[in-house]
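Let me begin by presenting the structure, written as structure tokens, before commenting on it.
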Amino acid sequence: MRGTSLSRTIKWTLHYAALLAYVAVALFPLYWLFKVSITPNDILYKQGMALLPSKVTLDHYATVVGKSDFLLYFRNSIIVSGVTALASTLLATAAGYAFSRFGFRGKFWIVGLMLVTQMFPLVIVITPIFSIFGVLGLTNTLTGLIIIYTAFNIPFATFLMQSFFDGIPKELEEAAMIDGATRFKALVEIVAPLTLPGIVATVGFCFTGAWGEILFALLLNSSPSASTFPVGLLLYSTRGTVEYGPMMAAGVLALLPVCVFFFLIQRYLVQGLTAGAVKG
Amino acid sequence: MASIEIANVRKDFGAVSVLKGIDLSIASGEFAVLVGPSGCGKSTLLRLIAGLDDASGGDILIDGRRVNDLPPRDRDIAMVFQSYALYPHMNVRDNMAYSLKLKRTPAARIAEAVGGAAAKLGLEALTERKPRALSGGQRQRVAMGRAIVRNPKAFLFDEPLSNLDARMREQMRFEIRKLHRDLGATSVYVTHDQIEAMTMADRIVAMNAGVIQQVGSPLELYDDPANMFVAGFIGSPAMNFLEGQAKRVGTGVKITVGGKAFCTLPLALALPDDGHVTVGIRPERIGIGADRNGTTEAIIDLVETTGAANVVHADLAGQPLKIFTTQRLQLAHGERVPLAFDAGHVCLFDRASGGRLR
């Protein structure tokens, strides 16, 4: 018995050590981001690799919030990501429901075409989009970014939503329709509550995708009034110097809404991402 | 309560014809069971009555009114699904109340109807539970409750007992039947289980390959099957089919199996020209033992016993034969036993078409 309990202890210790190592590796970049953001400039380079700064300051945060356009970028990012997430999810939900429930002419080709859009790197289409948006007056606008992000999110979000709908038995809607509901009412009152984890996961996916996107944000929107925060972060890196302190402080601030967002939805997210994995 | 009329109803899925012109009328208050093997079209027919699928042709009338173009919600029918299809996010009470809420029924009436149904089905203690916290039998009851609170024109059941274990199935069979007796509601019940059909139906509708094979009371189908399909599908153990020869002799039609005399049937029977027939006889219509004046001998292969009865598998002139008997016989493998056949219960079928020869 003693031998068994000893070997079990060793097993658990190794188990947790492995987990700890994994978490440490995953979180280290975030820690470093935070550490640099609170290290005063004068010791930043002197104590370069020290794990803990000898002095702590919030100056960089003050600089970012008070002396830059960061709040503007931040607001732009929230608008762009929020609207993108909502619009993509709404459209993807409608499309995913149709793909899941209805057979119609051209369905195969539409699905195939959506899949094809996922196969090309975005860089390829930047030039044509830039010229089209220029003509339409959509460069240097948040609307332009929202349209692009929504368009790029929809195919994958649709597949995601379709798989969630596929996981909901058709009989539930049929039962509701026999009970006296219209198809739309059955969708809203029976299917939607059951798909909520999936909807939330899709919102999260689209939100983070838009939140961190930089390529289009950089190329389409050059004016500060329509820039998002990833573009703002780049401004701390000029030809001559890189202002690491403010850059990292801005980075930490940019992480906050995403963290809050995921904290709020994590319960649904875990359900959503594993839904359908097991029966029941 | 309402009658259901189905006139020349067809359903095609692309090039595949699933229902090939169904004509059926179900009387008000009747318990009709659609029975047949998988893919025979019975569930499709039920879905057409419910309005969940559209018929490719023909008319469906509920209570004399053509409903082909009405959505399910306007047909005033209730349906119990094989998977129960309970709303997972609603508790038992809300599941049962949903249809009444959609109809904007006053809360007091809803409470009364749901309470009554729950009492009838023994669900009072479970009304706050979510479906996932219920056993299979309880879920089945909730599904029934959801149907009866509405007091619909007709009940449709789509293999509602398939997901239950054997004991629970037996009990629910009894309860559904009792419920039907109490409510007197027109019911259409789909099953692939002929025992369910036999025990529950006022009238059985036997279907195969999208065509109705026979409609009648359980005993009509059992004793007087219209063709080999019905004869073989209804009854367990299934009817024996033996390849035989029929020949008119002076007083009747003499049937031989494997060259040996089997029985003699009335002269009036229609026979094929070559005399090739399939002889059908139910396992319980065969007696074992010399005392029955048996003239034909069979060789015992195997005996299955359930305690109450035995199913004896034997070989008759090279053809397998099942005999059902409540006698406790000591029979050994390879033993030769004389058999006696109840000629009054022998059915003859045309070997080519499978149709009954009368």
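Chain labels follow the order of the structure tokens: the first chain is A, the next B, and so on; residue numbering restarts at 1 in every chain, and ligands are counted from 1 in their shown order.
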
Discussion item. What's around Leu71 (chain A) at 12 Å? Count only C-alpha atoms, leave out sequence neighbours fewer than 2 positions away in its own chain, and write the answer as a ChimeraX atom specification.
Written reply: /A:61-69,73-78,224-225,227-229,232-233,250,253-254

Worksheet item: DSSP on the backbone: what in region 165-236 of chain B comes out strand (DSSP E or B), as a list in words?
Response: Thr186, Ser187, Val188, Tyr189, Val190, Thr191, Arg203, Ile204, Val205, Ala206, Met207, Asn208, Val211, Ile212, Gln213, Gln214, Val215, Gly216 and Asn227 of chain B

Practice prompt. Could you give me the residues within region 108-278 of chain A that DSSP places in helix (DSSP H, G or I), as a PyMOL selection string?
Written response: chain A and resi 108-117+123-136+142-166+170-179+183-212+215-220+224-226+229-234+244-274

Store the residues picked out above in a file with C-alpha atoms, as a short mmCIF file (atom, residue, chain, number, x, y, z; two decimals), in the first residue's frame.
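The new file selection26.cif reads:
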```cif
data_model
loop_
_atom_site.label_atom_id
_atom_site.label_comp_id
_atom_site.auth_asym_id
_atom_site.auth_seq_id
_atom_site.Cartn_x
_atom_site.Cartn_y
_atom_site.Cartn_z
CA PHE A 108 -23.12 22.55 -52.70
CA TRP A 109 -21.54 25.28 -54.81
CA ILE A 110 -22.13 28.01 -52.25
CA VAL A 111 -20.49 25.93 -49.54
CA GLY A 112 -17.65 25.09 -51.90
CA LEU A 113 -17.16 28.74 -52.83
CA MET A 114 -17.07 29.75 -49.17
CA LEU A 115 -14.45 27.12 -48.57
CA VAL A 116 -12.39 28.45 -51.47
CA THR A 117 -12.30 31.92 -49.89
CA VAL A 123 -2.24 39.52 -48.76
CA ILE A 124 -3.24 38.52 -52.27
CA VAL A 125 -6.45 40.54 -52.22
CA ILE A 126 -5.15 43.65 -50.49
CA THR A 127 -4.33 45.57 -53.65
CA PRO A 128 -7.68 45.02 -55.39
CA ILE A 129 -9.55 45.79 -52.20
CA PHE A 130 -7.54 48.95 -51.69
CA SER A 131 -8.38 50.21 -55.15
CA ILE A 132 -12.05 49.26 -54.87
CA PHE A 133 -12.38 50.88 -51.46
CA GLY A 134 -10.60 53.98 -52.73
CA VAL A 135 -13.25 54.46 -55.41
CA LEU A 136 -16.04 53.79 -52.94
CA LEU A 142 -14.20 52.33 -39.77
CA THR A 143 -17.03 51.16 -42.02
CA GLY A 144 -14.49 49.91 -44.54
CA LEU A 145 -12.72 47.83 -41.94
CA ILE A 146 -15.99 46.46 -40.62
CA ILE A 147 -17.03 45.39 -44.12
CA ILE A 148 -13.70 43.67 -44.77
CA TYR A 149 -13.55 41.92 -41.42
CA THR A 150 -17.16 40.81 -41.61
CA ALA A 151 -16.65 39.48 -45.12
CA PHE A 152 -13.59 37.52 -44.09
CA ASN A 153 -15.16 36.18 -40.91
CA ILE A 154 -18.42 35.01 -42.40
CA PRO A 155 -17.32 31.79 -44.13
CA PHE A 156 -15.64 30.27 -41.11
CA ALA A 157 -18.28 31.60 -38.72
CA THR A 158 -20.95 30.09 -40.96
CA PHE A 159 -19.30 26.67 -40.86
CA LEU A 160 -19.00 27.03 -37.10
CA MET A 161 -22.67 27.94 -36.69
CA GLN A 162 -23.77 25.24 -39.11
CA SER A 163 -22.04 22.61 -37.01
CA PHE A 164 -23.76 23.94 -33.89
CA PHE A 165 -27.14 23.79 -35.60
CA ASP A 166 -26.36 20.31 -36.88
CA LYS A 170 -34.40 18.62 -36.05
CA GLU A 171 -37.21 17.00 -34.06
CA LEU A 172 -37.08 19.81 -31.50
CA GLU A 173 -38.14 22.36 -34.08
CA GLU A 174 -40.65 19.98 -35.54
CA ALA A 175 -42.13 19.39 -32.11
CA ALA A 176 -42.36 23.16 -31.62
CA MET A 177 -43.98 23.65 -35.01
CA ILE A 178 -46.54 20.96 -34.21
CA ASP A 179 -47.05 22.62 -30.84
CA ARG A 183 -40.48 28.11 -37.95
CA PHE A 184 -39.07 31.48 -36.94
CA LYS A 185 -40.57 31.27 -33.47
CA ALA A 186 -39.22 27.73 -33.09
CA LEU A 187 -35.81 29.06 -34.10
CA VAL A 188 -35.93 31.90 -31.62
CA GLU A 189 -37.52 30.11 -28.66
CA ILE A 190 -36.22 26.55 -29.00
CA VAL A 191 -33.12 26.43 -31.18
CA ALA A 192 -31.47 29.74 -30.29
CA PRO A 193 -31.30 29.12 -26.51
CA LEU A 194 -29.72 25.74 -27.20
CA THR A 195 -27.26 27.23 -29.67
CA LEU A 196 -26.31 30.07 -27.34
CA PRO A 197 -22.89 28.59 -26.47
CA GLY A 198 -22.20 28.30 -30.18
CA ILE A 199 -23.37 31.82 -30.88
CA VAL A 200 -21.18 33.17 -28.08
CA ALA A 201 -18.18 31.19 -29.29
CA THR A 202 -18.70 32.62 -32.76
CA VAL A 203 -18.99 36.16 -31.39
CA GLY A 204 -15.75 35.60 -29.48
CA PHE A 205 -13.99 34.21 -32.50
CA CYS A 206 -15.02 37.12 -34.73
CA PHE A 207 -14.29 39.71 -32.04
CA THR A 208 -10.73 38.55 -31.39
CA GLY A 209 -10.06 38.14 -35.08
CA ALA A 210 -10.99 41.76 -35.72
CA TRP A 211 -9.36 43.04 -32.51
CA GLY A 212 -5.86 41.89 -33.40
CA LEU A 215 -2.67 44.21 -42.11
CA PHE A 216 -5.84 45.79 -43.46
CA ALA A 217 -6.04 48.27 -40.62
CA LEU A 218 -2.59 49.54 -41.52
CA LEU A 219 -3.01 49.65 -45.27
CA LEU A 220 -6.57 50.90 -45.61
CA PRO A 224 -5.23 58.54 -36.94
CA SER A 225 -8.97 59.22 -36.67
CA ALA A 226 -9.73 55.85 -38.26
CA PHE A 229 -5.01 50.14 -31.70
CA PRO A 230 -2.71 47.55 -33.38
CA VAL A 231 -1.78 50.34 -35.77
CA GLY A 232 -1.40 52.66 -32.79
CA LEU A 233 1.05 50.25 -31.19
CA LEU A 234 3.26 50.48 -34.24
CA TYR A 244 9.12 49.89 -25.26
CA GLY A 245 7.56 51.15 -22.06
CA PRO A 246 4.50 52.90 -23.56
CA MET A 247 4.20 50.26 -26.23
CA MET A 248 3.93 47.51 -23.63
CA ALA A 249 1.59 49.59 -21.47
CA ALA A 250 -0.68 50.08 -24.49
CA GLY A 251 -0.45 46.36 -25.14
CA VAL A 252 -1.57 45.54 -21.61
CA LEU A 253 -4.48 47.97 -21.92
CA ALA A 254 -5.44 46.42 -25.22
CA LEU A 255 -5.54 43.01 -23.60
CA LEU A 256 -8.00 44.10 -20.94
CA PRO A 257 -11.23 44.22 -22.95
CA VAL A 258 -10.47 40.88 -24.55
CA CYS A 259 -9.76 39.40 -21.13
CA VAL A 260 -12.97 40.81 -19.71
CA PHE A 261 -14.89 39.62 -22.72
CA PHE A 262 -13.56 36.08 -22.48
CA PHE A 263 -14.04 36.01 -18.75
CA LEU A 264 -17.70 36.80 -19.30
CA ILE A 265 -18.24 34.25 -22.02
CA GLN A 266 -15.87 31.48 -20.93
CA ARG A 267 -18.65 29.35 -19.51
CA TYR A 268 -20.41 29.32 -22.87
CA LEU A 269 -17.18 29.11 -24.79
CA VAL A 270 -16.03 25.86 -23.25
CA GLN A 271 -19.50 24.41 -23.80
CA GLY A 272 -19.56 25.79 -27.31
CA LEU A 273 -16.17 24.55 -28.42
CA THR A 274 -16.76 21.06 -27.08
#
```

Got a sec to pull out which chain B residues are within 12 Å of chain A, counting only C-alpha atoms, and send them as an mmCIF file with N, CA and C atoms, in the first residue's frame?
```cif
data_model
loop_
_atom_site.group_PDB
_atom_site.id
_atom_site.type_symbol
_atom_site.label_atom_id
_atom_site.label_comp_id
_atom_site.auth_asym_id
_atom_site.auth_seq_id
_atom_site.Cartn_x
_atom_site.Cartn_y
_atom_site.Cartn_z
ATOM 1 N N PHE B 13 -38.827 11.370 -53.148
ATOM 2 C CA PHE B 13 -37.613 12.122 -52.822
ATOM 3 C C PHE B 13 -36.727 12.011 -54.050
ATOM 4 N N GLY B 14 -36.709 13.057 -54.863
ATOM 5 C CA GLY B 14 -35.995 12.978 -56.133
ATOM 6 C C GLY B 14 -36.622 11.887 -56.986
ATOM 7 N N ARG B 47 -45.365 11.758 -41.150
ATOM 8 C CA ARG B 47 -44.868 13.135 -41.275
ATOM 9 C C ARG B 47 -45.718 13.947 -42.254
ATOM 10 N N ILE B 49 -48.947 13.472 -42.622
ATOM 11 C CA ILE B 49 -50.167 13.801 -41.870
ATOM 12 C C ILE B 49 -49.889 14.972 -40.923
ATOM 13 N N ALA B 50 -48.685 14.964 -40.330
ATOM 14 C CA ALA B 50 -48.327 16.030 -39.387
ATOM 15 C C ALA B 50 -48.065 17.354 -40.103
ATOM 16 N N GLY B 51 -47.706 17.280 -41.386
ATOM 17 C CA GLY B 51 -47.373 18.494 -42.105
ATOM 18 C C GLY B 51 -45.897 18.829 -42.042
ATOM 19 N N LEU B 52 -45.080 17.890 -41.573
ATOM 20 C CA LEU B 52 -43.641 18.144 -41.493
ATOM 21 C C LEU B 52 -42.970 17.962 -42.848
ATOM 22 N N ASP B 53 -43.606 17.198 -43.725
ATOM 23 C CA ASP B 53 -43.154 17.080 -45.110
ATOM 24 C C ASP B 53 -44.364 17.317 -46.010
ATOM 25 N N LEU B 70 -51.698 23.303 -45.257
ATOM 26 C CA LEU B 70 -51.622 23.940 -43.931
ATOM 27 C C LEU B 70 -50.301 23.594 -43.254
ATOM 28 N N PRO B 71 -49.674 24.566 -42.597
ATOM 29 C CA PRO B 71 -48.474 24.243 -41.823
ATOM 30 C C PRO B 71 -48.858 23.399 -40.602
ATOM 31 N N PRO B 72 -47.876 22.697 -40.013
ATOM 32 C CA PRO B 72 -48.188 21.806 -38.888
ATOM 33 C C PRO B 72 -49.007 22.494 -37.799
ATOM 34 N N ARG B 73 -48.692 23.755 -37.515
ATOM 35 C CA ARG B 73 -49.327 24.417 -36.372
ATOM 36 C C ARG B 73 -50.828 24.621 -36.567
ATOM 37 N N ASP B 74 -51.267 24.602 -37.842
ATOM 38 C CA ASP B 74 -52.691 24.831 -38.090
ATOM 39 C C ASP B 74 -53.477 23.530 -38.260
ATOM 40 N N ARG B 75 -52.810 22.391 -38.053
ATOM 41 C CA ARG B 75 -53.514 21.123 -38.269
ATOM 42 C C ARG B 75 -54.133 20.577 -36.985
ATOM 43 N N ASP B 76 -53.773 21.172 -35.867
ATOM 44 C CA ASP B 76 -54.310 20.762 -34.568
ATOM 45 C C ASP B 76 -54.108 19.272 -34.304
ATOM 46 N N ILE B 77 -52.866 18.836 -34.481
ATOM 47 C CA ILE B 77 -52.529 17.458 -34.155
ATOM 48 C C ILE B 77 -51.353 17.502 -33.170
ATOM 49 N N ALA B 78 -51.211 16.436 -32.387
ATOM 50 C CA ALA B 78 -50.067 16.355 -31.475
ATOM 51 C C ALA B 78 -49.234 15.172 -31.900
ATOM 52 N N MET B 79 -47.930 15.280 -31.663
ATOM 53 C CA MET B 79 -47.059 14.195 -32.117
ATOM 54 C C MET B 79 -46.080 13.826 -31.018
ATOM 55 N N VAL B 80 -45.866 12.525 -30.855
ATOM 56 C CA VAL B 80 -44.861 12.033 -29.909
ATOM 57 C C VAL B 80 -43.744 11.414 -30.735
ATOM 58 N N PHE B 81 -42.530 11.943 -30.540
ATOM 59 C CA PHE B 81 -41.407 11.514 -31.366
ATOM 60 C C PHE B 81 -40.649 10.360 -30.706
ATOM 61 N N GLN B 82 -39.931 9.634 -31.557
ATOM 62 C CA GLN B 82 -39.106 8.534 -31.043
ATOM 63 C C GLN B 82 -38.057 9.059 -30.059
ATOM 64 N N SER B 83 -37.483 10.213 -30.384
ATOM 65 C CA SER B 83 -36.457 10.780 -29.501
ATOM 66 C C SER B 83 -37.097 11.641 -28.408
ATOM 67 N N TYR B 84 -38.402 11.632 -28.327
ATOM 68 C CA TYR B 84 -39.215 12.431 -27.399
ATOM 69 C C TYR B 84 -39.219 13.911 -27.757
ATOM 70 N N ALA B 85 -38.063 14.417 -28.243
ATOM 71 C CA ALA B 85 -37.967 15.825 -28.642
ATOM 72 C C ALA B 85 -38.474 16.769 -27.565
ATOM 73 N N LEU B 86 -38.091 16.503 -26.325
ATOM 74 C CA LEU B 86 -38.428 17.447 -25.248
ATOM 75 C C LEU B 86 -37.493 18.644 -25.359
ATOM 76 N N TYR B 87 -38.012 19.818 -25.019
ATOM 77 C CA TYR B 87 -37.164 21.012 -25.097
ATOM 78 C C TYR B 87 -36.187 20.975 -23.918
ATOM 79 N N PRO B 88 -34.886 20.834 -24.186
ATOM 80 C CA PRO B 88 -33.935 20.564 -23.100
ATOM 81 C C PRO B 88 -33.815 21.706 -22.103
ATOM 82 N N HIS B 89 -34.094 22.944 -22.548
ATOM 83 C CA HIS B 89 -33.884 24.095 -21.664
ATOM 84 C C HIS B 89 -35.139 24.438 -20.869
ATOM 85 N N MET B 90 -36.200 23.651 -21.034
ATOM 86 C CA MET B 90 -37.422 23.928 -20.282
ATOM 87 C C MET B 90 -37.676 22.767 -19.320
ATOM 88 N N ASP B 94 -42.956 23.443 -18.233
ATOM 89 C CA ASP B 94 -42.905 24.336 -19.386
ATOM 90 C C ASP B 94 -42.968 23.557 -20.701
ATOM 91 N N ASN B 95 -42.374 22.370 -20.689
ATOM 92 C CA ASN B 95 -42.470 21.527 -21.873
ATOM 93 C C ASN B 95 -43.925 21.237 -22.205
ATOM 94 N N MET B 96 -44.677 20.892 -21.165
ATOM 95 C CA MET B 96 -46.073 20.529 -21.401
ATOM 96 C C MET B 96 -46.924 21.759 -21.704
ATOM 97 N N ALA B 97 -46.511 22.897 -21.149
ATOM 98 C CA ALA B 97 -47.340 24.102 -21.296
ATOM 99 C C ALA B 97 -47.056 24.870 -22.591
ATOM 100 N N TYR B 98 -45.971 24.502 -23.287
ATOM 101 C CA TYR B 98 -45.508 25.328 -24.397
ATOM 102 C C TYR B 98 -46.592 25.573 -25.454
ATOM 103 N N SER B 99 -47.275 24.495 -25.847
ATOM 104 C CA SER B 99 -48.275 24.668 -26.912
ATOM 105 C C SER B 99 -49.409 25.578 -26.452
ATOM 106 N N LEU B 100 -49.785 25.471 -25.170
ATOM 107 C CA LEU B 100 -50.872 26.311 -24.663
ATOM 108 C C LEU B 100 -50.428 27.769 -24.572
ATOM 109 N N LYS B 101 -49.160 27.965 -24.203
ATOM 110 C CA LYS B 101 -48.644 29.346 -24.141
ATOM 111 C C LYS B 101 -48.671 29.974 -25.528
ATOM 112 N N LEU B 102 -48.300 29.182 -26.526
ATOM 113 C CA LEU B 102 -48.307 29.707 -27.893
ATOM 114 C C LEU B 102 -49.722 30.113 -28.308
ATOM 115 N N LYS B 103 -50.692 29.414 -27.759
ATOM 116 C CA LYS B 103 -52.086 29.741 -28.098
ATOM 117 C C LYS B 103 -52.633 30.846 -27.200
ATOM 118 N N ARG B 104 -51.772 31.418 -26.371
ATOM 119 C CA ARG B 104 -52.159 32.482 -25.430
ATOM 120 C C ARG B 104 -53.307 32.047 -24.521
ATOM 121 N N PRO B 131 -35.545 17.902 -18.654
ATOM 122 C CA PRO B 131 -35.580 16.573 -19.284
ATOM 123 C C PRO B 131 -34.336 15.727 -19.007
ATOM 124 N N ARG B 132 -33.154 16.379 -18.923
ATOM 125 C CA ARG B 132 -31.943 15.572 -18.754
ATOM 126 C C ARG B 132 -31.913 14.865 -17.404
ATOM 127 N N ALA B 143 -43.426 13.474 -22.905
ATOM 128 C CA ALA B 143 -43.784 13.655 -24.310
ATOM 129 C C ALA B 143 -45.277 13.373 -24.518
ATOM 130 N N ARG B 146 -47.188 16.296 -23.053
ATOM 131 C CA ARG B 146 -47.160 17.451 -23.937
ATOM 132 C C ARG B 146 -48.235 17.309 -25.013
ATOM 133 N N ALA B 147 -48.468 16.060 -25.417
ATOM 134 C CA ALA B 147 -49.490 15.846 -26.444
ATOM 135 C C ALA B 147 -50.901 15.979 -25.873
ATOM 136 N N ILE B 148 -51.124 15.428 -24.670
ATOM 137 C CA ILE B 148 -52.519 15.393 -24.215
ATOM 138 C C ILE B 148 -53.011 16.717 -23.641
ATOM 139 N N VAL B 149 -52.111 17.596 -23.164
ATOM 140 C CA VAL B 149 -52.604 18.874 -22.627
ATOM 141 C C VAL B 149 -53.332 19.678 -23.692
ATOM 142 N N ARG B 150 -53.018 19.394 -24.952
ATOM 143 C CA ARG B 150 -53.582 20.239 -26.009
ATOM 144 C C ARG B 150 -54.971 19.826 -26.411
ATOM 145 N N ASN B 151 -55.341 18.607 -26.053
ATOM 146 C CA ASN B 151 -56.628 18.088 -26.493
ATOM 147 C C ASN B 151 -56.779 18.224 -28.007
ATOM 148 N N PRO B 152 -55.858 17.629 -28.756
ATOM 149 C CA PRO B 152 -55.824 17.840 -30.207
ATOM 150 C C PRO B 152 -56.839 16.972 -30.932
ATOM 151 N N ALA B 154 -56.044 14.824 -33.236
ATOM 152 C CA ALA B 154 -55.490 13.480 -33.396
ATOM 153 C C ALA B 154 -54.086 13.418 -32.794
ATOM 154 N N PHE B 155 -53.715 12.222 -32.369
ATOM 155 C CA PHE B 155 -52.367 11.980 -31.862
ATOM 156 C C PHE B 155 -51.576 11.191 -32.897
ATOM 157 N N LEU B 156 -50.350 11.622 -33.107
ATOM 158 C CA LEU B 156 -49.467 10.864 -33.986
ATOM 159 C C LEU B 156 -48.296 10.365 -33.138
ATOM 160 N N PHE B 157 -47.991 9.095 -33.264
ATOM 161 C CA PHE B 157 -46.869 8.519 -32.509
ATOM 162 C C PHE B 157 -45.855 7.977 -33.504
ATOM 163 N N ASP B 158 -44.623 8.439 -33.401
ATOM 164 C CA ASP B 158 -43.581 7.949 -34.308
ATOM 165 C C ASP B 158 -42.622 7.050 -33.529
#
```

Discussion item. Need to verify the contact set: Val188 (chain B), 12 Å, only C-alpha atoms, exclusion of same-chain residues closer than 6 positions in sequence. Can you return it as a VMD selection string?
Written reply: chain B and resid 2 to 5 24 to 35 42 to 43 45 to 47 49 to 50 77 to 80 153 to 160 176 180 197 200 to 205

Requested write-out: C-alpha atoms of the selected residues, as a PDB file, in the first residue's frame:
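Result file result_16.pdb:
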```pdb
ATOM      1  CA  ALA B   2     -61.466  13.724 -35.927  1.00  0.00           C
ATOM      2  CA  SER B   3     -61.254  11.295 -38.780  1.00  0.00           C
ATOM      3  CA  ILE B   4     -58.238  11.205 -41.070  1.00  0.00           C
ATOM      4  CA  GLU B   5     -58.605  10.546 -44.784  1.00  0.00           C
ATOM      5  CA  LEU B  24     -56.463   4.987 -46.040  1.00  0.00           C
ATOM      6  CA  SER B  25     -59.231   6.238 -43.853  1.00  0.00           C
ATOM      7  CA  ILE B  26     -58.931   6.314 -40.104  1.00  0.00           C
ATOM      8  CA  ALA B  27     -62.177   6.675 -38.214  1.00  0.00           C
ATOM      9  CA  SER B  28     -62.683   9.173 -35.431  1.00  0.00           C
ATOM     10  CA  GLY B  29     -61.462   7.700 -32.152  1.00  0.00           C
ATOM     11  CA  GLU B  30     -59.679   4.824 -33.816  1.00  0.00           C
ATOM     12  CA  PHE B  31     -56.214   3.596 -32.824  1.00  0.00           C
ATOM     13  CA  ALA B  32     -54.511   2.781 -36.116  1.00  0.00           C
ATOM     14  CA  VAL B  33     -51.031   1.309 -36.195  1.00  0.00           C
ATOM     15  CA  LEU B  34     -48.823   1.669 -39.259  1.00  0.00           C
ATOM     16  CA  VAL B  35     -46.406  -1.223 -39.202  1.00  0.00           C
ATOM     17  CA  LYS B  42     -44.678   4.471 -42.550  1.00  0.00           C
ATOM     18  CA  SER B  43     -42.842   7.340 -40.836  1.00  0.00           C
ATOM     19  CA  LEU B  45     -46.766   8.916 -44.111  1.00  0.00           C
ATOM     20  CA  LEU B  46     -46.984  10.067 -40.504  1.00  0.00           C
ATOM     21  CA  ARG B  47     -44.868  13.135 -41.275  1.00  0.00           C
ATOM     22  CA  ILE B  49     -50.167  13.801 -41.870  1.00  0.00           C
ATOM     23  CA  ALA B  50     -48.327  16.030 -39.387  1.00  0.00           C
ATOM     24  CA  ILE B  77     -52.529  17.458 -34.155  1.00  0.00           C
ATOM     25  CA  ALA B  78     -50.067  16.355 -31.475  1.00  0.00           C
ATOM     26  CA  MET B  79     -47.059  14.195 -32.117  1.00  0.00           C
ATOM     27  CA  VAL B  80     -44.861  12.033 -29.909  1.00  0.00           C
ATOM     28  CA  LYS B 153     -57.860  16.403 -33.053  1.00  0.00           C
ATOM     29  CA  ALA B 154     -55.490  13.480 -33.396  1.00  0.00           C
ATOM     30  CA  PHE B 155     -52.367  11.980 -31.862  1.00  0.00           C
ATOM     31  CA  LEU B 156     -49.467  10.864 -33.986  1.00  0.00           C
ATOM     32  CA  PHE B 157     -46.869   8.519 -32.509  1.00  0.00           C
ATOM     33  CA  ASP B 158     -43.581   7.949 -34.308  1.00  0.00           C
ATOM     34  CA  GLU B 159     -42.031   4.794 -32.833  1.00  0.00           C
ATOM     35  CA  PRO B 160     -42.357   6.242 -29.340  1.00  0.00           C
ATOM     36  CA  ILE B 176     -50.710   4.349 -24.021  1.00  0.00           C
ATOM     37  CA  HIS B 180     -56.420   5.978 -25.552  1.00  0.00           C
ATOM     38  CA  ALA B 197     -48.993  -3.409 -33.580  1.00  0.00           C
ATOM     39  CA  MET B 200     -52.221  -1.891 -29.385  1.00  0.00           C
ATOM     40  CA  ALA B 201     -54.105  -1.509 -32.623  1.00  0.00           C
ATOM     41  CA  ASP B 202     -57.797  -1.314 -33.307  1.00  0.00           C
ATOM     42  CA  ARG B 203     -56.674  -1.626 -36.869  1.00  0.00           C
ATOM     43  CA  ILE B 204     -53.280  -2.468 -38.314  1.00  0.00           C
ATOM     44  CA  VAL B 205     -52.042  -0.954 -41.544  1.00  0.00           C
TER      45      VAL B 205
END
```

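Across the model, the gap from CA of Val215 (chain B) to CA of Asp12 (chain B) is 22.9 Å.
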
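Using only C-alpha atoms, the residues found no farther than 7 Å from region 242-249 of chain B, other than those of its own chain fewer than 5 positions away, are Lys254, Ile255, Thr256, Val257, Gly258, Gly275, His276, Val277, Thr278, Val279, Gly280 and Gln319 of chain B.
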
Discussion item. Excluding Tyr31 (chain A) and its own-chain neighbours fewer than 4 positions away, which residues fall within 12 Å of it when counting only C-alpha atoms? Please give them as a PyMOL selection string.
Written reply: chain A and resi 23-27+35-38+51-52+248-249+251-252

Those same residues - C-alpha atoms - I'd like them written as a compact mmCIF listing (two decimals), in the first residue's frame.
```
# COMPACT_ATOMS: atom_id res chain seq x y z
CA VAL A 23 1.34 27.35 -18.07
CA ALA A 24 4.60 29.17 -17.35
CA VAL A 25 5.69 28.95 -20.98
CA ALA A 26 2.28 30.09 -22.17
CA LEU A 27 2.06 33.02 -19.80
CA LYS A 35 6.86 43.71 -16.52
CA VAL A 36 8.25 46.04 -19.17
CA SER A 37 5.12 48.19 -18.96
CA ILE A 38 5.80 48.97 -15.29
CA LEU A 51 12.70 38.93 -13.84
CA LEU A 52 11.53 41.62 -11.45
CA MET A 248 3.93 47.51 -23.63
CA ALA A 249 1.59 49.59 -21.47
CA GLY A 251 -0.45 46.36 -25.14
CA VAL A 252 -1.57 45.54 -21.61
```
